[in-house]
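Below is one structure; the comments refer to it alone.
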Amino acid sequence: MGAKRKVQPLFEEPDWSFERLSAAFDAIEDVALKDLGLDVYPNQIEIISSEQMLDAYSSLGMPLMYPHWSFGKRFAREEKMYRKGYTGLAYEIVINSNPCISYVMEENTMALQTLVMAHAAFGHNHFFKNNYLFRQWTDADGVLDYFQYAKAFIATCEEKAGMEVVEDTLDAAHALMDQAVFRYRRPRELTSRELKARAQEAQDYKDRTFSDLWRTVPQLHDGEPESETEKELAERMRQHKLPEENVLFFIERNSPVLEPWQREVLRIVRTIAQYFYPQRQTKVMNEGCATFVHHYIANELYDRGLLTEGTMLEILHSHANVVFQADFDDPRYSGLNPYALGFAMMQDIQRMCMDPTPEDKEWFPEIAGNGDWRGTLKDAWANYRDESFILQYLSPRLIREFKLFALTDDADDSHLRVSGIHDEDGYRQVREMLARGYDPGVIDPDIQVVDVDLKRDRQLHLRHHMRKGIPLAEKSRDEVLKHARRLWGYDVSMACVDADSGAERGRISTADWSDDEAAEG
Amino acid sequence: MHQFIDRRQNPKGKSLGNRQRFIRRARAQIKEVVNKSVRDRSITDVASGETVTIPTKGIGEPRFSHSSKGGTRERVFAGNKEFETGDRIPKPQQGEGGGGKQATDQGDGEDEFQFALSRDEFLDLFFEDLELPNLVKTTLKEIVSFSRHRAGFSRVGNPSNLDVARTMRNSLGRRIALARPKDSTLDDLRRQISALEARTGRSDDDERKLQALIEELEGLERRRKIVGFIDPFDVRYRYNEQRPEPNTNAVMFCLMDVSGSMGQREKDLAKRFFVLLHMFLKRRYEHVDVVFIRHTHEASEVDEETFFYSPQTGGTVVSTALREMAAVLADRYPTDTWNIYAAQASDGENFSGDSERCVALLHQELMPFCQYFTYVEIIDEREMGLFGDSESGAALWQAYRTVKEQWHNFEMKRIAKPGDIYPAFRELFAKQVEQA
């Protein structure tokens with residue numbers, strides 16, 4: 001720590017005031033922009049009371065959410081937990097929008113407000129603005145307007161169609177919310193003129209290269225011509241662009257029974273799911289980034305003499321609580337703490353850049369000792385998600401520090417097997433397994449629309465690709481299928497296919513259930 | 001660039017709408033829990049609202065999710081102590097213990113949902129579909145008290161009601177509109193005049209100027225007299241109007257037989273009934289008085305503690321209690337300002353020949369003034385089968401049946417166990433469609 005200059009601290013009183021907040025914000029901004037070189041949206045910081053925090057909590061952290069009973073349910077639970085003292089409230093909520101809105105609680109002390117501003121208004125903010133997932137998938141400029149629109153639209157629907165119908169539609173759409181995202185960027189849809197031009201081009205190419213000789217060459221699978229049904233299936237799949245993993249999108253586009261406003265409701269739910277999808281994939285990185293930033297900024301301010309020792313102690317106390325990692329046999333253990341893991345990895349990257357060990361040089365030749373930890377971190381924040389970040393940057397040293405070990409749980413085995421620990425043989429194994437645990441492609445069930453024959457029975461066929469023999473939970477699966485049936489208007493079936501062997505492991509259909517059964521729930 | 005916004009004054013309770021939607025959604029389940037809590041628990045802590053646990057059926061939010069069983073899973077944990085690669089660990093029972101808490105399977109887990117119901121929500125559900133009998137009729141009939149409410153302003157009124165601020169505002173407006181000369185203008189003129197007057201050896205020019213000034217001053221002063229500082233036109237009085245107030249007072253008479261035949265069980269049952277009635281009245285009236293009258297062969301007004309718990313021996317003469325009630329009524333609760341409710345609990349025994357006296361008392365002295373009179377007979381569970389039929393019963397029951405025939409605000413019911421109370425209560429106060 002550098003020698004302290006004679007500087008007046010920003011504040012000494014524990015309580016915050018707008019003047020103190022403003023002064024602290026300017027000091028934080030100075031470090032964040034000039035020292036760390038962060039790139040952030042303009043900040044808007046809103047002070048709210050604990051009741052308002054509870055409100056915001058229960059509607060996915062969005063202040064402008066449309067009304068739905070499930071948010072009320074969440075509110076009832078949060079409220080009870082809070083009133084009985086089981087859980088505290090978050091210090092802040094931050095919204096990925098431009099300007100970036102951070103909600104901070106009025107109960108926070110000035111020290112906490114400083115921490116929270118550095119954390120949310122700069123850490124999260126930088127991450128939102130720069131990470132590739134957010135850049136690709138979310139529109140920070142328009143998101144608040146969109147939520148406003150969605151809320152107004154749903155209110156209009158309730159007025160016109162009645163609250164219960166709208167609620168039913170929303171219930172069903174929420175059930176498919178996890179199947180309502182595009183995982184990969186789709187090419188832009190072509191305009192009709194472009195389509196025509198393309199068809200023309202293809203035709204021209206055929207004409208140019210036509211040679212009657214080819215007709216005489218025997219076809220490859222001449223022996224077994226495609227059956228009529230197979231051909232039809234291929235045609236249907238082409239027509240509907242199947243398979244399609246965005247089930248809700250498919251229903252929205254093709255359901256034979258939905259009213260136009262219902263399609264719009266599905267679209268809204270889908271848009272919201274897509275908006276939150278990047279956040280699900282970057283929990284560790286996002287929190288790690290924010291925690292790293294607040295930790296760095298707080299220390300820097302302290303070194304400059306802008307924070308008193310008391311303030312610093314309070315900040316460090318909160319910080320230590322946030323990055324606490326319990327051992328697996330601790331009653332407090334609830335998985336790896338994303339704050340702890342993210343923060344530790346980012347500090348580790350900083351260390352490797354500045355002060356590498358021989359091991360680091362062997363494992364991370366590109367970054368070890370490159371001297372530019374700011375650039376290295378910013379590159380990581382911009383171009384990775386949790387899964388790839390862990391796969392790329394989790395160092396043996398951290399694996400040892402966290403004492404990570406991997407367990408394999410086979411249903412046929414009476415015992416759990418330790419498949420890797422923090423030793424030379426296990427590093428890669430543990431790292432890969434940990435990374436996979438953050439890949440939504442692995443943790444979310446893989447469900448796709450594979451076929452629908454709109455000309456015949458109109459049954460919607462879904463397929464679940466069962467990975468590693470892990471089936472779906474039956475009760476909720478059946479409930480979701482009922483919801484899907486409600487949206488689709490005709491029966492929905494689901495085949496379960498083993499992802500490795502391709503063998504079918506079972507098939508259920510809402511057509512097999514009695515009407516009462518299908519109607520309830 | 002940054003901006004701080006203080007949102008603390010924004011309305012809170014944004015989630016209230018959602019919460020109501022949720023409660024409506026789970027209504028059936030919540031109601032069942034609410035009713036059950038009355039049946040099984042002591043009534044005193046019912047009223048405070050409570051944590052309810054309801055089954056998730058109907059309020060589930062299903063998603064496709066992986067089952068917690070089957071297949072091969074790999075998971076990474078922190079904090080290894082003694083494991084080596086290749087170690088085999090017996091599987092912990094039901095996913096608890098050694099492996100730590102595993103990610104819960106939201107699809108199949110969590111069969112119950114727990115949250116706290118506020119007192120108001122609780123009572124709303126609790127008394128849903130219940131109606132105070134004849135409430136509307138009597139509130140209309142008994143518009144007797146008036147209260148004064150502010151209702152704007154008036155040009156005439158009592159000086160004590162003068163609204164100074166309003167009057168001055170009007171006055172100011174009028175003065176500006178009619179260009180009343182200001183004090184400062186007058187002072188200025190006077191100063192100029194006295195300056196001129198003080199000057200010795202005035203020229204003609206000065207004289208003319210002085211004359212003009214004096215004339216101007218006189219003109220202004222005249223104008224000031226015409227355009228007064230306060231004109232009667234400006235004056236405003238606060239206006240109050242008399243508004244009829246519905247009667248918001250109710251008195252509840254609890255009459256109970258405390259003779260030897262009423263054991264603690266019977267008293268408890270009666271108490272529960274009284275408490276229910278009290279809670280119910282409390283929701284409707286601002287102020288509810290409770291009068292406890294116990295009786296053996298003689299009746300007296302007592303406090304609550306004595307009423308329920310103090311033993312007394314003696315015979316059973318029901319009419320004494322009714323007479324006592326009539327006395328209290330005449331003494332303290334004039335019927336024009338009080339809504340009168342009465343609940344009588346007894347085991348149905350009475351001194352022979354007294355029942356007729358009771359009927360006569362009810363007919364002449366009580367029923368005309370009572371909003372509602374309920375009689376609950378607490379009987380042995382074994383007798384419930386015998387007397388389940390409302391036709392049969394002891395002398396008092398039979399006598400009261402004749403009262404019921406004449407007065408539609410008289411109701412009677414039999415109770416044998418705690419579970420009967422709430423249904424009986426509901427039946428007594430269920431919205432009376434046919435009579436409305």
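Simple scheme: letters A, B, ... for chains in structure tokens order, numbers from 1 for residues in each chain, numbers from 1 for ligands in the order shown.
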Quick one: which residues from chain B are at most 7 Å off chain A, using only C-alpha atoms, as a tab-separated table (two decimals) with C-alpha atoms, in the first residue's frame?
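Contents of the output file iface-v7.tsv:
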```tsv
chain	number	residue	atom	x	y	z
B	1	MET	CA	-22.27	11.15	-15.89
B	2	HIS	CA	-24.61	10.02	-13.23
B	3	GLN	CA	-27.92	10.68	-11.72
B	4	PHE	CA	-29.37	9.92	-8.32
B	5	ILE	CA	-33.08	9.48	-8.01
B	6	ASP	CA	-34.88	9.21	-4.74
B	7	ARG	CA	-37.60	6.64	-5.27
B	8	ARG	CA	-38.50	6.19	-1.64
B	12	LYS	CA	-44.80	0.80	-2.37
B	13	GLY	CA	-46.91	-2.27	-2.43
B	14	LYS	CA	-46.49	-2.60	-6.17
B	15	SER	CA	-46.76	-6.32	-5.63
B	18	ASN	CA	-49.90	-9.69	-7.79
B	19	ARG	CA	-50.34	-10.89	-4.26
B	21	ARG	CA	-53.98	-12.50	-7.83
B	22	PHE	CA	-52.02	-15.20	-6.10
B	58	GLY	CA	-52.86	-25.40	-8.64
B	61	GLU	CA	-45.17	-23.39	-12.06
B	62	PRO	CA	-44.07	-26.47	-13.93
B	63	ARG	CA	-41.02	-26.44	-16.17
B	64	PHE	CA	-39.26	-29.24	-17.94
B	65	SER	CA	-36.57	-30.27	-15.56
B	66	HIS	CA	-34.28	-33.18	-15.00
B	67	SER	CA	-35.40	-35.80	-12.58
B	70	GLY	CA	-31.53	-42.09	-12.77
B	71	GLY	CA	-28.70	-41.67	-15.21
B	72	THR	CA	-25.12	-40.72	-14.67
B	73	ARG	CA	-24.28	-37.38	-13.13
B	74	GLU	CA	-21.08	-35.59	-12.49
B	75	ARG	CA	-20.75	-32.84	-10.00
B	76	VAL	CA	-17.92	-30.81	-8.56
B	77	PHE	CA	-17.76	-29.90	-4.89
B	78	ALA	CA	-15.50	-27.70	-2.84
B	79	GLY	CA	-13.59	-28.48	0.32
B	80	ASN	CA	-12.16	-31.94	-0.19
B	84	GLU	CA	-8.58	-39.65	-3.37
B	85	THR	CA	-9.37	-40.33	-6.99
B	86	GLY	CA	-11.12	-43.63	-7.31
B	87	ASP	CA	-12.57	-43.63	-3.79
B	88	ARG	CA	-16.00	-45.08	-3.49
B	89	ILE	CA	-18.42	-43.43	-1.12
B	90	PRO	CA	-21.71	-45.01	-0.11
B	91	LYS	CA	-24.60	-42.95	-1.44
B	98	GLY	CA	-22.16	-36.29	2.60
B	99	GLY	CA	-22.85	-34.93	-0.84
B	100	GLY	CA	-24.14	-31.68	0.47
B	101	LYS	CA	-27.42	-30.26	-0.61
B	107	GLY	CA	-40.34	-30.15	-10.71
B	108	ASP	CA	-40.89	-32.85	-8.18
B	114	GLN	CA	-45.59	-21.54	3.01
B	115	PHE	CA	-46.33	-17.87	3.41
B	116	ALA	CA	-47.87	-15.44	5.83
```
Name the residues of segment 246-407 of chain A that fall into alpha helix (DSSP H) according to DSSP on the backbone, using the chain letters and numbers of this document, as a PyMOL selection string.
chain A and resi 247-254+260-281+283-303+309-322+338-354+358-363+373-383+386-393+396-402
Pick the closest to Asn339 of chain B from B:Val290, B:Ile30, B:Ile421, B:Ala212: which is it, counting only C-alpha atoms?
B:Val290
For Trp513 of chain A, which residue out of A:Asp491, A:Asp212, A:Asp379, A:Glu235 is the nearest one, using only C-alpha atoms?
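The answer is A:Asp491, which sits nearest to Trp513 of chain A.
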Any idea what the distance is between atom CA of Arg374 of chain A and atom CA of Tyr296 of chain A?
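Going from atom CA of Arg374 of chain A over to atom CA of Tyr296 of chain A, I get 11.4 Å.
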Let me make sure I understand: among A:Leu313, A:Ala382, A:Val284, A:Val31, which one has the smallest atom-to-atom distance to Tyr339 of chain A if we use only C-alpha atoms?
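Smallest distance to Tyr339 of chain A is found for A:Val284.
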Of the candidates A:Lys151, A:Lys482, A:His461, A:Arg135, which shows the shortest atom-to-atom distance to Val269 of chain A, using only C-alpha atoms?
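For Val269 of chain A, the nearest of the given residues is A:Lys151.
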Per DSSP on the backbone, what are the strand (DSSP E) residues of segment 231-432 of chain A, as a list in words?
Phe405, Ala406, Leu407, Thr408, Asp409, Asp410, His415, Leu416, Arg417, Val418, Ser419 and Gly420 of chain A
Take atom CA of Arg180 of chain B and atom CA of Asp234 of chain B and report the distance between them in Å, one decimal.
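Computed distance, atom CA of Arg180 of chain B to atom CA of Asp234 of chain B, equals 14.5 Å.
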From atom CA of Phe343 of chain A to atom CA of Asn286 of chain A the spacing works out at 9.7 Å
Taking 5 positions as the minimum chain separation for residues in the same chain, which residues sit within 10 Å of Ser171 of chain B when counting only C-alpha atoms? Answer as a list of chain:residue names.
B:Ala165, B:Arg166, B:Ile176, B:Ala177, B:Gly228, B:Phe229, B:Ile230, B:Asp231, B:Pro232, B:Phe233, B:Asp234, B:Val235
8 Å contact set for Ala495 of chain A, only C-alpha atoms, chain neighbours under 6 positions out, as a ChimeraX atom specification
/A:461-464,504-508
Val257 of chain A: which residues within 9 Å, counting only C-alpha atoms, same-chain residues fewer than 4 positions away excluded, as a PyMOL selection string?
chain A and resi 487-490
Residue neighbourhood Met325 of chain B, 10 Å, only C-alpha atoms, exclusion window fewer than 2 positions, as a ChimeraX atom specification
/B:253-255,291-293,299-301,319-323,327-331,342,365-366
Fewer than 6 positions away in the same chain doesn't count, so skip those; otherwise give me all residues within 9 Å of Gly260 of chain B, counting only C-alpha atoms, as number ranges by chain.
B: 296, 311-316
